[in-house]
file entry18.cif (mmCIF, C-alpha atoms)
data_start
loop_
_atom_site.label_atom_id
_atom_site.label_comp_id
_atom_site.auth_asym_id
_atom_site.auth_seq_id
_atom_site.Cartn_x
_atom_site.Cartn_y
_atom_site.Cartn_z
CA MET A 12 77.80 82.84 107.08
CA LYS A 13 80.12 79.83 107.25
CA VAL A 14 83.86 80.36 106.87
CA LEU A 15 86.45 77.61 106.37
CA ILE A 16 89.99 78.61 107.36
CA VAL A 17 92.74 76.63 105.62
CA ASP A 18 96.43 76.43 106.50
CA VAL A 19 98.75 73.61 105.45
CA SER A 20 102.07 75.48 105.61
CA SER A 21 103.03 73.95 108.98
CA LYS A 22 103.54 70.45 107.55
CA LEU A 23 107.29 70.66 108.17
CA GLY A 24 106.89 72.25 111.58
CA THR A 25 107.03 75.81 110.26
CA VAL A 26 105.00 77.92 112.66
CA GLY A 27 104.76 81.67 112.29
CA GLY A 28 102.38 84.52 111.57
CA ALA A 29 100.18 82.61 109.12
CA GLN A 30 99.46 79.85 111.64
CA ARG A 31 98.79 82.32 114.43
CA VAL A 32 96.38 84.31 112.25
CA ALA A 33 94.60 81.14 111.11
CA ALA A 34 93.95 80.16 114.73
CA ASN A 35 93.07 83.72 115.67
CA LEU A 36 90.46 83.94 112.91
CA PHE A 37 89.03 80.54 113.84
CA TYR A 38 88.37 81.60 117.44
CA GLU A 39 87.78 85.35 117.15
CA LEU A 40 85.36 85.28 114.21
CA ARG A 41 83.26 82.84 116.21
CA GLU A 42 83.01 85.51 118.92
CA LYS A 43 81.61 87.84 116.24
CA GLY A 44 78.87 85.37 115.30
CA VAL A 45 80.61 83.82 112.27
CA ASP A 46 80.38 80.01 112.00
CA THR A 47 84.05 79.06 111.50
CA TYR A 48 85.75 75.79 110.57
CA TYR A 49 89.43 74.85 110.22
CA PHE A 50 91.22 72.51 107.81
CA GLY A 51 94.96 71.93 108.13
CA TYR A 52 97.73 70.72 110.36
CA LYS A 53 97.50 70.88 114.11
CA THR A 54 99.67 73.55 115.75
CA HIS A 55 99.96 74.68 119.35
CA PHE A 56 97.80 77.71 118.43
CA LEU A 57 94.78 75.45 117.83
CA GLU A 58 93.19 73.14 120.38
CA ASP A 59 91.03 70.14 119.54
CA HIS A 60 87.64 71.36 118.38
CA LYS A 61 84.62 69.66 116.83
CA LYS A 62 84.77 72.08 113.90
CA ALA A 63 88.49 71.65 113.23
CA MET A 64 89.65 68.92 110.84
CA PHE A 65 93.31 68.15 111.50
CA ILE A 66 94.95 66.30 108.63
CA GLY A 67 98.01 64.00 108.82
CA ALA A 68 100.91 65.39 110.81
CA GLY A 69 103.39 65.31 107.93
CA ALA A 70 105.39 62.52 109.53
CA LYS A 71 107.05 61.53 106.25
CA GLN A 72 108.32 65.03 105.59
CA LYS A 73 109.53 65.46 109.16
CA GLY A 74 111.21 62.06 109.01
CA LEU A 75 113.01 63.15 105.85
CA VAL A 76 114.31 66.27 107.58
CA LYS A 77 115.43 64.22 110.59
CA SER A 78 117.31 61.79 108.32
CA MET A 79 119.48 64.68 107.13
CA GLY A 80 121.31 64.71 110.44
CA SER A 81 121.49 67.53 112.95
CA GLY A 82 123.27 70.77 113.73
CA GLY A 83 124.88 73.08 111.19
CA ALA A 84 125.28 70.42 108.51
CA ARG A 85 121.56 69.73 108.41
CA ALA A 86 120.74 73.45 108.50
CA LYS A 87 122.96 74.10 105.47
CA LEU A 88 121.44 71.17 103.58
CA ILE A 89 117.84 72.21 104.28
CA GLU A 90 118.56 75.85 103.44
CA SER A 91 120.33 75.03 100.15
CA LYS A 92 118.65 76.15 96.94
CA PRO A 93 118.71 72.76 95.16
CA VAL A 94 117.02 71.02 98.11
CA ARG A 95 114.36 73.72 98.46
CA ILE A 96 113.68 73.79 94.70
CA ALA A 97 113.37 70.00 94.63
CA TYR A 98 111.05 69.95 97.63
CA TYR A 99 108.68 72.66 96.40
CA THR A 100 108.62 71.22 92.86
CA PHE A 101 107.75 67.78 94.25
CA TYR A 102 105.11 69.31 96.52
CA SER A 103 103.50 71.20 93.62
CA MET A 104 102.99 67.90 91.80
CA THR A 105 101.80 65.83 94.77
CA GLY A 106 100.33 68.23 97.31
CA ILE A 107 98.09 66.57 99.88
CA ASP A 108 95.45 63.97 99.11
CA VAL A 109 92.15 65.54 100.19
CA SER A 110 89.84 62.84 98.78
CA GLY A 111 89.45 61.33 102.24
CA TYR A 112 88.09 64.65 103.50
CA GLY A 113 85.65 65.26 100.63
CA GLU A 114 82.57 64.22 102.57
CA TRP A 115 83.52 66.50 105.50
CA LEU A 116 84.19 69.43 103.17
CA MET A 117 80.84 69.06 101.38
CA LYS A 118 79.06 68.78 104.72
CA VAL A 119 80.66 72.01 105.93
CA ASN A 120 79.75 73.69 102.62
CA PRO A 121 81.33 77.07 103.51
CA ASP A 122 80.39 80.38 101.96
CA VAL A 123 84.00 81.58 102.12
CA VAL A 124 87.33 79.72 102.24
CA VAL A 125 90.23 81.69 103.77
CA SER A 126 93.80 80.78 102.77
CA ASN A 127 96.76 81.88 104.89
CA SER A 128 99.75 80.52 102.99
CA ILE A 129 101.19 80.32 99.48
CA GLN A 130 101.55 76.60 100.11
CA ASP A 131 97.75 76.26 100.39
CA PHE A 132 97.37 76.78 96.63
CA VAL A 133 98.08 73.19 95.58
CA VAL A 134 95.63 71.84 98.16
CA LEU A 135 92.92 74.40 97.43
CA LYS A 136 92.86 73.40 93.76
CA LYS A 137 92.02 69.86 94.83
CA MET A 138 89.47 71.04 97.39
CA LYS A 139 87.57 73.22 94.95
CA ARG A 140 85.65 70.34 93.41
CA TYR A 141 84.06 69.71 96.82
CA LEU A 142 83.35 73.42 97.45
CA LYS A 143 81.88 74.63 94.17
CA ASP A 144 79.79 77.44 95.64
CA ALA A 145 82.43 78.86 97.98
CA LYS A 146 84.34 82.10 97.45
CA PHE A 147 88.11 81.76 97.98
CA VAL A 148 90.12 84.56 99.58
CA TYR A 149 93.87 84.73 100.19
CA ILE A 150 95.63 86.67 102.99
CA ASP A 151 99.08 87.63 101.74
CA HIS A 152 101.27 86.98 104.80
CA ALA A 153 104.10 85.79 102.57
CA ASN A 154 104.20 89.01 100.56
CA VAL A 155 103.65 87.29 97.21
CA ALA A 156 103.83 90.60 95.39
CA GLY A 157 107.00 91.76 97.17
CA ASP A 158 110.18 93.01 95.55
CA TYR A 159 112.44 90.00 94.93
CA ASN A 160 115.60 89.47 92.92
CA GLY A 161 113.98 86.59 91.05
CA SER A 162 112.57 83.10 91.28
CA LEU A 163 115.57 81.82 93.23
CA ASP A 164 115.05 84.24 96.10
CA TYR A 165 114.84 82.17 99.29
CA ASN A 166 111.67 83.91 100.46
CA ILE A 167 109.64 83.23 97.31
CA MET A 168 110.72 79.74 96.20
CA ALA A 169 107.55 78.19 97.62
CA LEU A 170 105.63 80.26 95.09
CA SER A 171 107.90 80.15 92.04
CA PHE A 172 108.51 76.38 92.30
CA GLY A 173 105.48 75.34 94.32
CA THR A 174 102.55 76.40 92.15
CA GLY A 175 103.10 73.98 89.30
CA HIS A 176 105.54 73.55 86.42
CA TYR A 177 108.08 76.37 86.71
CA ILE A 178 107.28 79.25 84.33
CA GLY A 179 108.80 82.32 86.01
CA LEU A 180 108.00 84.38 89.07
CA ASP A 181 105.49 86.83 87.59
CA ARG A 182 103.51 84.07 85.88
CA ALA A 183 103.55 82.11 89.14
CA ARG A 184 102.16 85.19 90.89
CA LYS A 185 99.46 85.51 88.25
CA ARG A 186 98.56 81.84 88.57
CA HIS A 187 98.43 81.99 92.37
CA LEU A 188 96.66 85.32 92.87
CA GLY A 189 94.36 84.76 89.89
CA PHE A 190 92.99 81.60 91.49
CA PHE A 191 91.33 83.55 94.32
CA ASP A 192 88.03 85.43 94.20
CA GLY A 193 89.54 88.07 96.46
CA VAL A 194 92.83 88.95 98.15
CA ILE A 195 93.56 90.61 101.51
CA ALA A 196 96.81 92.56 101.70
CA LEU A 197 98.44 93.57 104.98
CA ASN A 198 99.53 97.00 103.78
CA ARG A 199 99.03 99.44 100.92
CA THR A 200 102.33 98.62 99.22
CA GLN A 201 101.20 95.00 98.92
CA GLU A 202 97.78 96.11 97.74
CA ARG A 203 99.19 98.10 94.81
CA ALA A 204 101.45 95.24 93.74
CA ILE A 205 98.67 92.65 93.99
CA ARG A 206 96.34 94.74 91.80
CA LYS A 207 98.57 93.90 88.84
CA PHE A 208 97.39 90.29 89.15
CA ASN A 209 94.01 90.50 90.95
CA SER A 210 92.03 93.74 91.14
CA ASN A 211 89.66 92.45 93.85
CA VAL A 212 91.92 93.31 96.79
CA THR A 213 91.60 95.22 100.06
CA VAL A 214 93.80 95.97 103.10
CA ILE A 215 93.37 94.60 106.62
CA HIS A 216 96.25 95.39 108.95
CA SER A 217 97.59 92.87 111.45
CA GLY A 218 96.54 92.96 115.09
CA PRO A 219 97.44 91.15 118.32
CA ASN A 220 96.71 87.42 118.40
CA PHE A 221 95.68 87.18 122.05
CA SER A 222 93.39 88.78 124.62
CA LEU A 223 94.61 90.96 127.49
CA ASP A 224 91.86 89.95 129.90
CA LYS A 225 93.35 86.55 130.74
CA ILE A 226 96.74 87.48 132.19
CA GLU A 227 97.79 85.39 135.21
CA LYS A 228 100.30 86.91 137.64
CA SER A 229 101.67 83.49 138.53
CA LYS A 230 102.77 82.94 134.92
CA VAL A 231 104.52 86.32 134.85
CA GLU A 232 106.68 85.13 137.74
CA GLU A 233 107.05 81.68 136.19
CA VAL A 234 108.65 83.13 133.03
CA LYS A 235 110.81 85.53 135.04
CA LYS A 236 112.10 82.64 137.15
CA SER A 237 112.73 80.38 134.14
CA LEU A 238 114.91 83.07 132.57
CA GLY A 239 116.64 83.95 135.82
CA LEU A 240 115.68 87.62 135.55
CA SER A 241 116.28 90.24 138.23
CA LYS A 242 114.90 93.79 138.60
CA SER A 243 118.15 95.27 137.29
CA ASP A 244 118.15 93.26 134.05
CA LYS A 245 117.58 94.98 130.71
CA VAL A 246 115.64 92.47 128.64
CA VAL A 247 115.67 92.64 124.85
CA LEU A 248 112.96 90.44 123.31
CA TYR A 249 112.23 88.95 119.89
CA VAL A 250 109.16 86.78 119.20
CA GLY A 251 108.61 84.87 115.97
CA ARG A 252 110.00 82.38 113.50
CA LEU A 253 113.64 81.36 113.50
CA ALA A 254 114.20 82.08 109.83
CA GLU A 255 117.41 83.94 109.01
CA ALA A 256 116.56 84.81 105.41
CA GLN A 257 113.71 87.00 106.61
CA LYS A 258 114.13 87.64 110.33
CA ASN A 259 117.88 88.41 110.33
CA LEU A 260 118.33 87.38 113.96
CA SER A 261 122.05 86.80 113.54
CA THR A 262 122.54 90.59 113.51
CA LEU A 263 120.59 90.96 116.74
CA ILE A 264 122.48 88.13 118.46
CA ARG A 265 125.88 89.52 117.45
CA ALA A 266 124.87 93.02 118.53
CA CYS A 267 123.82 91.87 122.00
CA LYS A 268 126.95 89.74 122.41
CA SER A 269 129.07 92.80 121.62
CA ILE A 270 127.43 94.98 124.30
CA GLU A 271 129.49 94.66 127.48
CA ASP A 272 126.73 94.87 130.08
CA GLU A 273 126.11 91.94 132.40
CA HIS A 274 122.54 93.11 132.97
CA LEU A 275 121.63 93.04 129.29
CA LYS A 276 119.64 89.91 128.41
CA LEU A 277 118.42 88.78 125.00
CA VAL A 278 115.38 86.51 124.91
CA ILE A 279 114.44 84.90 121.61
CA TYR A 280 111.04 83.24 121.89
CA GLY A 281 110.60 81.41 118.62
CA GLY A 282 109.30 78.41 116.78
CA GLY A 283 109.31 77.16 113.22
CA GLY A 284 111.83 78.24 110.63
CA LYS A 285 115.01 76.35 109.90
CA SER A 286 117.65 78.56 111.51
CA GLY A 287 117.42 77.44 115.12
CA ASP A 288 120.73 75.56 114.96
CA LEU A 289 122.46 78.60 113.48
CA TYR A 290 121.19 80.87 116.26
CA ARG A 291 122.16 78.44 119.01
CA GLN A 292 125.67 78.28 117.57
CA LEU A 293 125.92 82.08 117.46
CA ALA A 294 124.64 82.41 121.03
CA ALA A 295 126.94 79.70 122.43
CA GLY A 296 129.13 80.89 125.30
CA ASP A 297 126.99 83.87 126.28
CA GLU A 298 124.72 83.01 129.21
CA ARG A 299 122.85 86.29 128.77
CA ILE A 300 121.17 84.95 125.63
CA HIS A 301 118.14 82.68 126.00
CA ILE A 302 116.63 80.94 122.98
CA VAL A 303 113.29 79.51 124.08
CA GLU A 304 111.32 77.12 121.92
CA SER A 305 107.82 78.58 121.73
CA GLY A 306 105.15 76.38 123.23
CA ALA A 307 101.49 77.12 123.84
CA SER A 308 100.52 80.48 122.35
CA GLY A 309 99.01 81.46 125.70
CA MET A 310 102.52 81.96 127.08
CA VAL A 311 103.51 84.68 124.59
CA PRO A 312 102.11 87.60 126.66
CA TYR A 313 104.31 86.72 129.65
CA TYR A 314 107.46 87.21 127.60
CA TYR A 315 106.27 90.64 126.49
CA ILE A 316 105.46 91.58 130.09
CA ASN A 317 108.98 90.59 131.20
CA SER A 318 110.75 92.57 128.47
CA GLY A 319 112.12 96.09 128.39
CA LEU A 320 112.64 96.50 124.64
CA TYR A 321 111.18 94.70 121.63
CA VAL A 322 113.53 94.44 118.64
CA LEU A 323 112.44 93.36 115.16
CA PRO A 324 115.52 93.05 112.87
CA SER A 325 113.69 91.68 109.82
CA ILE A 326 114.83 92.26 106.25
CA TRP A 327 111.18 92.30 105.14
CA GLU A 328 107.69 91.98 106.63
CA GLY A 329 104.13 92.20 105.35
CA PHE A 330 102.64 93.68 108.50
CA ASN A 331 104.24 92.09 111.51
CA ALA A 332 101.81 91.21 114.31
CA THR A 333 104.40 90.75 117.06
CA LEU A 334 105.33 94.43 117.11
CA ILE A 335 101.62 95.21 117.62
CA GLU A 336 101.50 92.63 120.42
CA ALA A 337 104.55 94.14 122.13
CA ALA A 338 103.02 97.60 121.77
CA THR A 339 99.82 96.30 123.38
CA PHE A 340 101.83 95.76 126.57
CA GLY A 341 103.48 99.17 126.30
CA VAL A 342 106.88 97.71 125.44
CA PRO A 343 109.19 100.20 123.61
CA LEU A 344 109.83 99.21 119.99
CA LEU A 345 113.13 99.22 118.10
CA LEU A 346 112.38 98.31 114.49
CA SER A 347 114.48 97.77 111.39
CA THR A 348 113.79 100.12 108.50
CA LYS A 349 112.82 97.05 106.44
CA SER A 350 110.33 95.63 108.98
CA ILE A 351 107.87 98.51 108.67
CA ASN A 352 105.70 99.70 105.79
CA GLU A 353 104.36 102.95 104.44
CA ASP A 354 101.12 102.64 106.45
CA ILE A 355 103.04 102.74 109.74
CA VAL A 356 105.47 105.39 108.52
CA GLU A 357 102.64 107.63 107.33
CA ARG A 358 100.79 107.27 110.64
CA PHE A 359 103.68 107.50 113.11
CA GLY A 360 106.59 108.91 111.08
CA LYS A 361 109.44 110.45 113.07
CA ARG A 362 108.20 109.01 116.36
CA LEU A 363 109.52 105.57 115.34
CA CYS A 364 112.89 104.35 116.60
CA LEU A 365 114.55 102.65 113.63
CA PHE A 366 117.83 101.02 112.61
CA ASP A 367 119.45 99.63 109.47
CA PRO A 368 119.11 95.81 109.66
CA HIS A 369 122.56 95.43 108.05
CA ASP A 370 124.32 97.76 110.53
CA GLN A 371 125.27 95.77 113.63
CA LYS A 372 127.14 98.66 115.28
CA GLY A 373 124.19 100.96 114.71
CA LEU A 374 121.87 98.42 116.33
CA GLU A 375 124.20 98.10 119.34
CA SER A 376 124.13 101.87 119.81
CA LYS A 377 120.33 102.04 119.53
CA ILE A 378 119.81 99.23 122.05
CA GLU A 379 122.03 100.93 124.61
CA LYS A 380 120.34 104.29 124.05
CA CYS A 381 116.84 102.81 124.40
CA PHE A 382 117.72 101.67 127.92
CA ALA A 383 119.87 104.63 128.99
CA ASP A 384 117.80 107.57 127.68
CA ARG A 385 114.77 107.92 130.00
CA ALA A 386 113.12 110.62 127.89
CA LEU A 387 113.38 108.41 124.80
CA ARG A 388 111.89 105.45 126.71
CA ARG A 389 108.92 107.57 127.82
CA ARG A 390 108.29 108.66 124.24
CA LEU A 391 108.52 105.07 122.98
CA VAL A 392 106.10 103.81 125.64
CA LEU A 393 103.57 106.47 124.58
CA LEU A 394 104.13 105.52 120.94
CA SER A 395 103.46 101.85 121.72
CA LYS A 396 100.15 102.77 123.35
CA ASP A 397 99.13 104.74 120.25
CA ILE A 398 100.16 101.88 117.94
CA ALA A 399 98.18 99.40 120.05
CA PHE A 400 95.07 101.59 119.81
CA GLU A 401 95.43 102.08 116.05
CA TYR A 402 95.83 98.36 115.33
CA SER A 403 93.61 96.80 118.00
CA LYS A 404 92.20 93.30 117.71
CA LYS A 405 88.66 94.73 117.91
CA LYS A 406 89.16 96.89 114.81
CA GLN A 407 90.87 94.07 112.93
CA MET A 408 88.15 91.48 113.58
CA GLU A 409 85.30 93.86 112.78
CA LEU A 410 86.92 94.59 109.42
CA TYR A 411 87.39 90.86 108.69
CA VAL A 412 83.70 90.22 109.36
CA THR A 413 82.70 93.07 107.05
CA VAL A 414 85.02 92.01 104.23
CA LEU A 415 84.15 88.29 104.36
CA LYS A 416 80.41 89.00 104.40
CA ARG A 417 80.78 91.37 101.45
CA LEU A 418 82.75 88.75 99.51
CA SER A 419 80.12 86.09 100.25
CA GLU A 420 77.20 88.31 99.23
CA THR A 421 78.63 90.37 96.36
CA GLY A 422 81.88 88.71 95.28
CA LYS A 423 83.78 91.89 96.14
CA VAL A 424 86.16 92.50 99.05
#
call {"tool": "encode", "arguments": {"input": "entry18.cif", "output": "structure tokens"}}
result
Amino acid sequence: MKVLIVDVSSKLGTVGGAQRVAANLFYELREKGVDTYYFGYKTHFLEDHKKAMFIGAGAKQKGLVKSMGSGGARAKLIESKPVRIAYYTFYSMTGIDVSGYGEWLMKVNPDVVVSNSIQDFVVLKKMKRYLKDAKFVYIDHANVAGDYNGSLDYNIMALSFGTGHYIGLDRARKRHLGFFDGVIALNRTQERAIRKFNSNVTVIHSGPNFSLDKIEKSKVEEVKKSLGLSKSDKVVLYVGRLAEAQKNLSTLIRACKSIEDEHLKLVIYGGGGKSGDLYRQLAAGDERIHIVESGASGMVPYYYINSGLYVLPSIWEGFNATLIEAATFGVPLLLSTKSINEDIVERFGKRLCLFDPHDQKGLESKIEKCFADRALRRRLVLLSKDIAFEYSKKKQMELYVTVLKRLSETGKV
């Protein structure tokens, strides 16, 4: 079976879960005997490979963003609704010219094409004429079927204005999800919502995007030294995109700044998103806060190892992989009530340590308690081990192989 993995959502430098999963599938499915190929932009999750076709780096788009200036003014301009609507509308009409890659696509001739982003839709429509026999499957990282206020919701504009002439959010969902032969949801809530638009859907939970057998002690010390950490420091960690509309990091930054403890450190290891300038402004003046631009994905484990508490303050998530990664290293988890889903709640229930993402004072209290209460820490460490076992990479990849083969052979996921 040949599988082509597509991801074009990083054209503006946005790097998050979709890009990590795309790279993870490219490498890990190969280990399971699946012949994988990649088509999309180059990210630091993907190295040069003879079976990876990296398209143009999006220099024009990045140049446009750079021309808007820097700092808070640029951030406000990029985040504004009119600019985002204009960009996604323009992108829906132009997309990416794939004609120059037609010969390569026909030569690959995949059995299954895997899409990781709602922004892939425009490109996939153009690619389909070169891949007439392939089955197309979409992994809903962006929570297409989520509960939104409407088409102008920041988190869904790429769908409502990026799938063609604007016709309303539900019709955009139908157009997007109806294009695919099958859909993979990250949780059961998503699955039920997607069934309204595409009945050929199944659930595959997220898993860690790295292996534990390649940890280097020297890099553990390298990260510790770069952050200036000591044995007495209490390190709070966040890993992921710098995107305020979803990740809500401003609440976490303010909470940590308000805690009067010189040994408390907040490390934000992030890349992509458009809120980096906002977070640097909020963190200014507090040397305990480190915002580190994420580099090679191989460095992620060393930040988990050097942390004492993983906090995910998101307002929504599909099925966040970073909490599974933190759990893999036995790091206690402090999660917002909006960052989890019914699958996790049903499995782990009252054992979870949760907070309201809109309650800064409540978050402050929970952070302090997670470090001060030894019995609670022991319980959270045991919980992390159980979460890591439940959502292991091995289980995730075996399920992907099964589902993709079934789609290729029967048309059903």
call {"tool": "resolve_selection", "arguments": {"input": "entry18.cif", "expression": "the PyMOL selection byres ((chain A and resi 174) around 9)", "output": "list in words"}}
result
Tyr99, Thr100, Tyr102, Ser103, Met104, Ile129, Gln130, Phe132, Val133, Ala169, Leu170, Ser171, Phe172, Gly173, Gly175, His176, Tyr177, Ala183, Arg184, Arg186 and His187 of chain A
call {"tool": "resolve_selection", "arguments": {"input": "entry18.cif", "expression": "the PyMOL selection byres ((chain A and resi 269) around 12)", "output": "ChimeraX atom specification"}}
result
/A:262-268,270-273,275-277,293-294,297,299-300,371-376,378-379
call {"tool": "resolve_selection", "arguments": {"input": "entry18.cif", "expression": "the PyMOL selection byres ((chain A and resi 362) around 9)", "output": "list in words"}}
result
Phe359, Gly360, Lys361, Leu363, Cys364, Arg390, Leu391 and Leu394 of chain A
call {"tool": "residues_around", "arguments": {"input": "entry18.cif", "residues": "segment 199-215 of chain A", "least_positions_apart": "5", "cutoff": "7 Å", "atoms": "all atoms listed in the file", "output": "list of chain:residue names"}}
result
A:Asn154, A:Ala156, A:Gly157, A:Lys185, A:Leu188, A:Gly189, A:Gly193, A:Val194, A:Asp354, A:Gln407, A:Lys423, A:Val424
call {"tool": "axis_aligned_box", "arguments": {"input": "entry18.cif", "around": "segment 341-357 of chain A", "padding_each_side": "6 Å", "output": "JSON"}}
result
{"center_x": 107.8, "center_y": 101.6, "center_z": 115.4, "size_x": 25.4, "size_y": 24.0, "size_z": 33.9}
call {"tool": "decode", "arguments": {"input": "entry18.cif", "residues": "segment 272-328 of chain A", "atoms": "C-alpha atoms", "output": "PDB file, in the first residue's frame"}}
result
ATOM      1  CA  ASP A 272       7.967  32.541  44.102  1.00  0.00           C
ATOM      2  CA  GLU A 273      11.450  33.142  42.756  1.00  0.00           C
ATOM      3  CA  HIS A 274      11.870  29.427  42.075  1.00  0.00           C
ATOM      4  CA  LEU A 275       8.806  29.204  39.843  1.00  0.00           C
ATOM      5  CA  LYS A 276       9.781  29.192  36.163  1.00  0.00           C
ATOM      6  CA  LEU A 277       7.499  29.201  33.127  1.00  0.00           C
ATOM      7  CA  VAL A 278       8.897  27.746  29.905  1.00  0.00           C
ATOM      8  CA  ILE A 279       6.898  28.212  26.718  1.00  0.00           C
ATOM      9  CA  TYR A 280       8.380  26.100  23.933  1.00  0.00           C
ATOM     10  CA  GLY A 281       6.443  27.107  20.848  1.00  0.00           C
ATOM     11  CA  GLY A 282       6.432  27.754  17.154  1.00  0.00           C
ATOM     12  CA  GLY A 283       3.916  28.894  14.587  1.00  0.00           C
ATOM     13  CA  GLY A 284       0.817  30.872  15.411  1.00  0.00           C
ATOM     14  CA  LYS A 285       0.656  34.640  15.295  1.00  0.00           C
ATOM     15  CA  SER A 286       0.667  35.561  18.987  1.00  0.00           C
ATOM     16  CA  GLY A 287       4.380  35.411  19.751  1.00  0.00           C
ATOM     17  CA  ASP A 288       4.695  39.202  19.974  1.00  0.00           C
ATOM     18  CA  LEU A 289       1.740  39.375  22.361  1.00  0.00           C
ATOM     19  CA  TYR A 290       3.258  36.758  24.672  1.00  0.00           C
ATOM     20  CA  ARG A 291       6.676  38.406  24.687  1.00  0.00           C
ATOM     21  CA  GLN A 292       5.035  41.697  25.652  1.00  0.00           C
ATOM     22  CA  LEU A 293       3.115  40.030  28.491  1.00  0.00           C
ATOM     23  CA  ALA A 294       6.240  38.265  29.759  1.00  0.00           C
ATOM     24  CA  ALA A 295       8.436  41.381  29.609  1.00  0.00           C
ATOM     25  CA  GLY A 296      10.086  42.252  32.910  1.00  0.00           C
ATOM     26  CA  ASP A 297       9.820  38.792  34.464  1.00  0.00           C
ATOM     27  CA  GLU A 298      13.074  36.862  34.073  1.00  0.00           C
ATOM     28  CA  ARG A 299      11.382  33.695  35.315  1.00  0.00           C
ATOM     29  CA  ILE A 300       9.499  33.377  32.018  1.00  0.00           C
ATOM     30  CA  HIS A 301      11.290  31.864  29.024  1.00  0.00           C
ATOM     31  CA  ILE A 302       9.682  31.874  25.582  1.00  0.00           C
ATOM     32  CA  VAL A 303      11.751  29.571  23.384  1.00  0.00           C
ATOM     33  CA  GLU A 304      11.252  29.398  19.641  1.00  0.00           C
ATOM     34  CA  SER A 305      10.861  25.702  18.859  1.00  0.00           C
ATOM     35  CA  GLY A 306      13.552  24.306  16.621  1.00  0.00           C
ATOM     36  CA  ALA A 307      14.218  20.718  15.609  1.00  0.00           C
ATOM     37  CA  SER A 308      11.460  18.421  16.859  1.00  0.00           C
ATOM     38  CA  GLY A 309      14.111  16.169  18.389  1.00  0.00           C
ATOM     39  CA  MET A 310      14.623  18.724  21.158  1.00  0.00           C
ATOM     40  CA  VAL A 311      11.034  18.561  22.466  1.00  0.00           C
ATOM     41  CA  PRO A 312      11.643  15.615  24.852  1.00  0.00           C
ATOM     42  CA  TYR A 313      14.371  17.506  26.719  1.00  0.00           C
ATOM     43  CA  TYR A 314      11.945  20.248  27.692  1.00  0.00           C
ATOM     44  CA  TYR A 315       9.513  17.676  29.068  1.00  0.00           C
ATOM     45  CA  ILE A 316      12.317  16.004  31.039  1.00  0.00           C
ATOM     46  CA  ASN A 317      13.288  19.343  32.603  1.00  0.00           C
ATOM     47  CA  SER A 318       9.745  20.257  33.649  1.00  0.00           C
ATOM     48  CA  GLY A 319       7.827  19.681  36.862  1.00  0.00           C
ATOM     49  CA  LEU A 320       4.303  20.459  35.659  1.00  0.00           C
ATOM     50  CA  TYR A 321       2.720  20.534  32.211  1.00  0.00           C
ATOM     51  CA  VAL A 322      -0.074  23.100  31.799  1.00  0.00           C
ATOM     52  CA  LEU A 323      -2.458  23.205  28.836  1.00  0.00           C
ATOM     53  CA  PRO A 324      -4.704  26.317  29.085  1.00  0.00           C
ATOM     54  CA  SER A 325      -6.482  25.871  25.735  1.00  0.00           C
ATOM     55  CA  ILE A 326     -10.010  27.060  25.054  1.00  0.00           C
ATOM     56  CA  TRP A 327     -10.521  24.078  22.728  1.00  0.00           C
ATOM     57  CA  GLU A 328      -8.622  21.044  21.444  1.00  0.00           C
TER      58      GLU A 328
END
